[in-house]
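Pasting protein23.cif here (mmCIF, N, CA and C atoms and all ligand atoms):
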data_target
loop_
_atom_site.label_atom_id
_atom_site.label_comp_id
_atom_site.auth_asym_id
_atom_site.auth_seq_id
_atom_site.Cartn_x
_atom_site.Cartn_y
_atom_site.Cartn_z
N MET B 29 77.85 118.43 109.41
CA MET B 29 78.04 117.07 108.87
C MET B 29 77.89 117.08 107.35
N LEU B 30 78.87 116.49 106.73
CA LEU B 30 78.85 116.46 105.27
C LEU B 30 77.99 115.30 104.78
N GLU B 31 77.11 115.61 103.88
CA GLU B 31 76.26 114.56 103.33
C GLU B 31 76.41 114.49 101.83
N MET B 32 76.28 113.29 101.30
CA MET B 32 76.34 113.17 99.85
C MET B 32 75.01 113.61 99.28
N LYS B 33 75.10 114.58 98.42
CA LYS B 33 73.87 115.05 97.80
C LYS B 33 73.67 114.31 96.48
N ILE B 34 72.77 113.39 96.51
CA ILE B 34 72.50 112.62 95.31
C ILE B 34 71.12 112.98 94.79
N PRO B 35 71.05 113.37 93.53
CA PRO B 35 69.76 113.73 92.96
C PRO B 35 68.77 112.58 93.08
N GLU B 36 67.52 112.89 93.38
CA GLU B 36 66.50 111.86 93.56
C GLU B 36 66.45 110.88 92.40
N ARG B 37 66.56 111.40 91.20
CA ARG B 37 66.38 110.52 90.05
C ARG B 37 67.53 109.54 89.91
N LEU B 38 68.68 109.89 90.46
CA LEU B 38 69.81 108.96 90.41
C LEU B 38 69.62 107.80 91.37
N LYS B 39 68.85 108.02 92.40
CA LYS B 39 68.68 106.99 93.41
C LYS B 39 67.98 105.75 92.88
N ILE B 40 67.17 105.93 91.87
CA ILE B 40 66.43 104.79 91.35
C ILE B 40 66.95 104.34 89.99
N LEU B 41 68.06 104.93 89.55
CA LEU B 41 68.65 104.52 88.28
C LEU B 41 69.57 103.33 88.50
N PRO B 42 69.38 102.28 87.73
CA PRO B 42 70.30 101.16 87.82
C PRO B 42 71.62 101.51 87.15
N CYS B 43 72.71 101.03 87.73
CA CYS B 43 74.02 101.36 87.19
C CYS B 43 74.86 100.10 87.07
N CYS B 44 75.47 99.92 85.91
CA CYS B 44 76.37 98.79 85.72
C CYS B 44 77.80 99.30 85.67
N LEU B 45 78.61 98.82 86.58
CA LEU B 45 80.00 99.28 86.62
C LEU B 45 80.83 98.66 85.51
N LYS B 46 80.44 97.47 85.11
CA LYS B 46 81.22 96.74 84.13
C LYS B 46 81.18 97.43 82.77
N CYS B 47 79.99 97.80 82.32
CA CYS B 47 79.95 98.51 81.04
C CYS B 47 79.80 100.02 81.24
N ARG B 48 79.98 100.48 82.47
CA ARG B 48 80.02 101.91 82.77
C ARG B 48 78.81 102.65 82.24
N GLN B 49 77.65 102.12 82.58
CA GLN B 49 76.45 102.78 82.11
C GLN B 49 75.47 103.00 83.23
N VAL B 50 74.83 104.13 83.17
CA VAL B 50 73.78 104.43 84.12
C VAL B 50 72.46 104.31 83.39
N GLY B 51 71.51 103.66 84.04
CA GLY B 51 70.21 103.48 83.41
C GLY B 51 70.17 102.29 82.47
N VAL B 52 70.98 101.28 82.74
CA VAL B 52 71.00 100.10 81.88
C VAL B 52 69.77 99.23 82.14
N GLY B 53 69.47 98.37 81.18
CA GLY B 53 68.43 97.38 81.37
C GLY B 53 68.98 96.26 82.22
N TYR B 54 68.14 95.68 83.07
CA TYR B 54 68.63 94.59 83.90
C TYR B 54 67.55 93.54 84.08
N LYS B 55 67.99 92.37 84.48
CA LYS B 55 67.03 91.32 84.80
C LYS B 55 67.23 90.91 86.25
N LYS B 56 66.16 90.50 86.87
CA LYS B 56 66.21 90.09 88.27
C LYS B 56 66.77 88.69 88.39
N ASP B 57 67.67 88.54 89.35
CA ASP B 57 68.21 87.22 89.64
C ASP B 57 68.09 87.04 91.15
N GLY B 58 66.94 86.60 91.60
CA GLY B 58 66.68 86.57 93.04
C GLY B 58 66.63 87.99 93.56
N ASP B 59 67.44 88.29 94.56
CA ASP B 59 67.50 89.63 95.10
C ASP B 59 68.42 90.53 94.29
N LEU B 60 69.21 89.92 93.43
CA LEU B 60 70.21 90.68 92.69
C LEU B 60 69.68 91.09 91.33
N ARG B 61 70.35 92.09 90.77
CA ARG B 61 70.01 92.54 89.43
C ARG B 61 71.21 92.32 88.54
N LYS B 62 70.94 91.85 87.35
CA LYS B 62 72.04 91.61 86.42
C LYS B 62 71.84 92.38 85.14
N CYS B 63 72.94 92.90 84.65
CA CYS B 63 72.94 93.72 83.45
C CYS B 63 72.52 92.90 82.23
N MET B 64 71.67 93.49 81.41
CA MET B 64 71.22 92.81 80.21
C MET B 64 72.35 92.69 79.19
N GLN B 65 73.31 93.61 79.25
CA GLN B 65 74.34 93.64 78.24
C GLN B 65 75.56 92.80 78.56
N CYS B 66 75.99 92.84 79.82
CA CYS B 66 77.24 92.14 80.14
C CYS B 66 77.06 91.11 81.25
N ASN B 67 75.86 91.02 81.80
CA ASN B 67 75.58 90.07 82.86
C ASN B 67 76.30 90.40 84.17
N GLY B 68 76.82 91.60 84.26
CA GLY B 68 77.45 92.04 85.52
C GLY B 68 76.37 92.47 86.50
N TYR B 69 76.78 92.71 87.73
CA TYR B 69 75.81 93.16 88.72
C TYR B 69 75.45 94.62 88.50
N VAL B 70 74.20 94.90 88.75
CA VAL B 70 73.69 96.25 88.59
C VAL B 70 73.34 96.79 89.98
N TYR B 71 73.71 98.02 90.21
CA TYR B 71 73.50 98.61 91.53
C TYR B 71 72.47 99.72 91.49
N MET B 72 71.81 99.87 92.62
CA MET B 72 70.86 100.96 92.76
C MET B 72 71.07 101.61 94.11
N TYR B 73 71.09 102.89 94.09
CA TYR B 73 71.37 103.62 95.32
C TYR B 73 70.41 103.24 96.44
N LYS B 74 69.15 103.13 96.11
CA LYS B 74 68.16 102.90 97.16
C LYS B 74 68.31 101.53 97.82
N ASP B 75 69.13 100.66 97.23
CA ASP B 75 69.36 99.35 97.83
C ASP B 75 70.28 99.42 99.05
N PHE B 76 71.02 100.49 99.14
CA PHE B 76 72.00 100.59 100.22
C PHE B 76 71.45 101.38 101.40
N LYS B 77 71.61 100.81 102.56
CA LYS B 77 71.14 101.50 103.77
C LYS B 77 72.31 102.26 104.37
N ILE B 78 72.63 103.35 103.72
CA ILE B 78 73.86 104.05 104.08
C ILE B 78 73.73 104.81 105.39
N THR B 79 72.53 105.08 105.83
CA THR B 79 72.35 105.84 107.06
C THR B 79 72.69 105.03 108.31
N LYS B 80 72.81 103.71 108.14
CA LYS B 80 73.12 102.88 109.29
C LYS B 80 74.62 102.70 109.49
N ASP B 81 75.39 103.51 108.84
CA ASP B 81 76.84 103.41 108.95
C ASP B 81 77.31 103.43 110.39
N PRO B 82 78.22 102.55 110.72
CA PRO B 82 78.85 102.63 112.03
C PRO B 82 79.76 103.85 112.11
N GLU B 83 79.91 104.31 113.31
CA GLU B 83 80.66 105.53 113.69
C GLU B 83 81.68 106.11 112.72
N GLY B 84 82.94 105.80 112.91
CA GLY B 84 84.02 106.59 112.32
C GLY B 84 84.33 106.40 110.85
N SER B 85 83.55 105.61 110.14
CA SER B 85 83.92 105.29 108.77
C SER B 85 83.74 106.46 107.81
N LYS B 86 83.02 107.46 108.26
CA LYS B 86 82.66 108.54 107.35
C LYS B 86 83.87 109.34 106.87
N GLY B 87 84.82 109.54 107.73
CA GLY B 87 86.02 110.29 107.35
C GLY B 87 86.73 109.61 106.19
N LEU B 88 86.91 108.33 106.34
CA LEU B 88 87.55 107.51 105.30
C LEU B 88 86.80 107.63 103.99
N MET B 89 85.51 107.51 104.11
CA MET B 89 84.65 107.52 102.94
C MET B 89 84.78 108.83 102.18
N ILE B 90 84.74 109.92 102.92
CA ILE B 90 84.81 111.24 102.30
C ILE B 90 86.16 111.43 101.61
N LEU B 91 87.20 111.03 102.30
CA LEU B 91 88.55 111.15 101.76
C LEU B 91 88.67 110.41 100.43
N GLY B 92 88.23 109.17 100.43
CA GLY B 92 88.34 108.35 99.23
C GLY B 92 87.47 108.87 98.10
N THR B 93 86.26 109.28 98.45
CA THR B 93 85.34 109.69 97.41
C THR B 93 85.74 110.99 96.74
N VAL B 94 86.31 111.90 97.51
CA VAL B 94 86.74 113.17 96.93
C VAL B 94 87.83 112.90 95.88
N GLY B 95 88.76 112.03 96.24
CA GLY B 95 89.84 111.69 95.31
C GLY B 95 89.30 111.11 94.02
N ILE B 96 88.39 110.19 94.15
CA ILE B 96 87.86 109.53 92.97
C ILE B 96 87.00 110.46 92.14
N PHE B 97 86.32 111.34 92.83
CA PHE B 97 85.48 112.30 92.12
C PHE B 97 86.31 113.13 91.15
N PHE B 98 87.43 113.64 91.65
CA PHE B 98 88.27 114.46 90.78
C PHE B 98 88.93 113.63 89.69
N PHE B 99 89.30 112.42 90.04
CA PHE B 99 89.88 111.54 89.05
C PHE B 99 88.90 111.28 87.90
N ALA B 100 87.68 110.98 88.27
CA ALA B 100 86.66 110.67 87.27
C ALA B 100 86.36 111.90 86.41
N LEU B 101 86.33 113.05 87.03
CA LEU B 101 86.08 114.27 86.27
C LEU B 101 87.18 114.51 85.24
N MET B 102 88.40 114.24 85.66
CA MET B 102 89.53 114.44 84.76
C MET B 102 89.50 113.47 83.59
N GLN B 103 88.94 112.31 83.84
CA GLN B 103 88.83 111.31 82.77
C GLN B 103 87.70 111.66 81.80
N GLY B 104 86.93 112.66 82.14
CA GLY B 104 85.85 113.07 81.26
C GLY B 104 84.64 112.15 81.32
N GLU B 105 84.45 111.50 82.46
CA GLU B 105 83.27 110.65 82.62
C GLU B 105 82.03 111.52 82.72
N SER B 106 80.89 110.93 82.45
CA SER B 106 79.65 111.68 82.60
C SER B 106 79.39 111.92 84.08
N VAL B 107 78.62 112.94 84.36
CA VAL B 107 78.32 113.29 85.74
C VAL B 107 77.65 112.12 86.45
N GLU B 108 76.76 111.48 85.75
CA GLU B 108 76.04 110.36 86.37
C GLU B 108 76.98 109.22 86.74
N PHE B 109 77.88 108.92 85.83
CA PHE B 109 78.81 107.84 86.15
C PHE B 109 79.72 108.26 87.30
N THR B 110 80.11 109.51 87.30
CA THR B 110 81.00 110.00 88.35
C THR B 110 80.34 109.87 89.72
N VAL B 111 79.10 110.28 89.80
CA VAL B 111 78.37 110.16 91.07
C VAL B 111 78.36 108.70 91.52
N TRP B 112 78.12 107.82 90.60
CA TRP B 112 78.06 106.40 90.93
C TRP B 112 79.41 105.84 91.33
N ALA B 113 80.41 106.22 90.60
CA ALA B 113 81.75 105.72 90.91
C ALA B 113 82.14 106.17 92.31
N VAL B 114 81.83 107.42 92.59
CA VAL B 114 82.15 107.97 93.90
C VAL B 114 81.40 107.22 94.99
N PHE B 115 80.15 107.01 94.75
CA PHE B 115 79.31 106.34 95.73
C PHE B 115 79.79 104.91 96.00
N LEU B 116 80.07 104.19 94.95
CA LEU B 116 80.49 102.81 95.11
C LEU B 116 81.88 102.71 95.71
N ALA B 117 82.71 103.66 95.37
CA ALA B 117 84.04 103.69 95.98
C ALA B 117 83.90 103.90 97.48
N GLY B 118 83.00 104.77 97.85
CA GLY B 118 82.74 105.01 99.27
C GLY B 118 82.31 103.74 99.97
N LEU B 119 81.43 103.01 99.33
CA LEU B 119 80.96 101.75 99.89
C LEU B 119 82.10 100.76 100.06
N THR B 120 82.96 100.72 99.05
CA THR B 120 84.10 99.81 99.11
C THR B 120 85.00 100.15 100.27
N PHE B 121 85.24 101.44 100.45
CA PHE B 121 86.06 101.89 101.57
C PHE B 121 85.43 101.45 102.89
N LEU B 122 84.15 101.65 102.98
CA LEU B 122 83.42 101.26 104.19
C LEU B 122 83.58 99.78 104.46
N PHE B 123 83.40 99.02 103.42
CA PHE B 123 83.47 97.57 103.55
C PHE B 123 84.86 97.13 104.01
N VAL B 124 85.87 97.65 103.36
CA VAL B 124 87.25 97.29 103.71
C VAL B 124 87.54 97.71 105.14
N HIS B 125 87.11 98.89 105.48
CA HIS B 125 87.33 99.43 106.82
C HIS B 125 86.70 98.51 107.87
N ASN B 126 85.47 98.14 107.66
CA ASN B 126 84.77 97.28 108.62
C ASN B 126 85.40 95.90 108.68
N HIS B 127 85.83 95.45 107.53
CA HIS B 127 86.45 94.13 107.46
C HIS B 127 87.73 94.12 108.30
N GLU B 128 88.52 95.16 108.17
CA GLU B 128 89.75 95.27 108.94
C GLU B 128 89.46 95.28 110.43
N LYS B 129 88.44 96.00 110.79
CA LYS B 129 88.07 96.11 112.20
C LYS B 129 87.70 94.73 112.77
N ASN B 130 86.99 93.96 111.97
CA ASN B 130 86.59 92.62 112.40
C ASN B 130 87.81 91.74 112.60
N LYS B 131 88.76 91.90 111.70
CA LYS B 131 89.99 91.09 111.79
C LYS B 131 90.73 91.40 113.09
N ILE B 132 90.81 92.67 113.40
CA ILE B 132 91.49 93.10 114.62
C ILE B 132 90.78 92.51 115.85
N LYS B 133 89.48 92.56 115.82
CA LYS B 133 88.70 91.99 116.91
C LYS B 133 88.98 90.50 117.06
N GLY B 134 89.07 89.83 115.92
CA GLY B 134 89.33 88.40 115.94
C GLY B 134 90.66 88.06 116.57
N VAL B 135 91.66 88.91 116.32
CA VAL B 135 92.98 88.67 116.88
C VAL B 135 92.96 88.89 118.39
N GLU B 136 92.21 89.89 118.80
CA GLU B 136 92.17 90.22 120.23
C GLU B 136 91.52 89.14 121.08
N SER B 137 90.51 88.50 120.54
CA SER B 137 89.75 87.57 121.39
C SER B 137 90.42 86.20 121.48
ZN ZN O 201 76.76 95.85 82.05
#
Give the structure from the file, written as structure tokens.
Ligand SMILES: [Zn+2]
Amino acid sequence: MLEMKIPERLKILPCCLKCRQVGVGYKKDGDLRKCMQCNGYVYMYKDFKITKDPEGSKGLMILGTVGIFFFALMQGESVEFTVWAVFLAGLTFLFVHNHEKNKIKGVES
């Protein structure tokens, strides 16, 4: 089984996708975190319960993340940003995948 190897220190680093920075300052907004610089949402790896993934989504996730990983590397992004971009892309794939599944279920019933 393929697992994403994410360095421990990256798991607790806040990341802002909007200004493409890892380790940005953020302020708490209820349960959410907002970037001090652009007011965008800030993500943290440890916030995601990725181990609870439903069955078959992993293939999709791996496929998408590998593509983005190489793309980001070619763009000359920092390793930290690349890891984050890959991770969030994976989440997006998961979300879209699950969303589609729900739609199909809705049509069937
Ligand atoms: Zn920001």
May I ask which of the residues B:Lys74, B:Gln65, B:Ile40, B:Lys55 is the closest one to ligand ZN 201 (chain O), counting all atoms listed in the file? B:Gln65
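Comparing B:Ile96, B:Leu122, B:Leu60, B:Leu41 by their smallest distance to Thr110 (chain B), the closest is B:Ile96 (using only C-alpha atoms).
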Using 5 Å as the limit and counting only N, CA and C atoms and all ligand atoms, can you tabulate each residue of chain B that touches ligand ZN 201 (chain O), with its shortest atom-to-atom distance in Å and the two atoms involved, as a Markdown table?
| residue | atom | partner | partner_atom | distance |
| --- | --- | --- | --- | --- |
| B:Cys44 | CA | O:ZN201 | ZN | 4.7 |
| B:Lys46 | C | O:ZN201 | ZN | 4.7 |
| B:Cys47 | N | O:ZN201 | ZN | 3.8 |
| B:Cys63 | CA | O:ZN201 | ZN | 4.6 |
| B:Gln65 | C | O:ZN201 | ZN | 4.8 |
| B:Cys66 | N | O:ZN201 | ZN | 3.8 |
| B:Asn67 | N | O:ZN201 | ZN | 4.9 |
| B:Gly68 | N | O:ZN201 | ZN | 4.8 |
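Between CA of Val124 (chain B) and CA of Phe99 (chain B) lies a distance of 20.6 Å.
Straight-line separation from atom N of Phe98 (chain B) to atom N of Pro42 (chain B): 21.7 Å.
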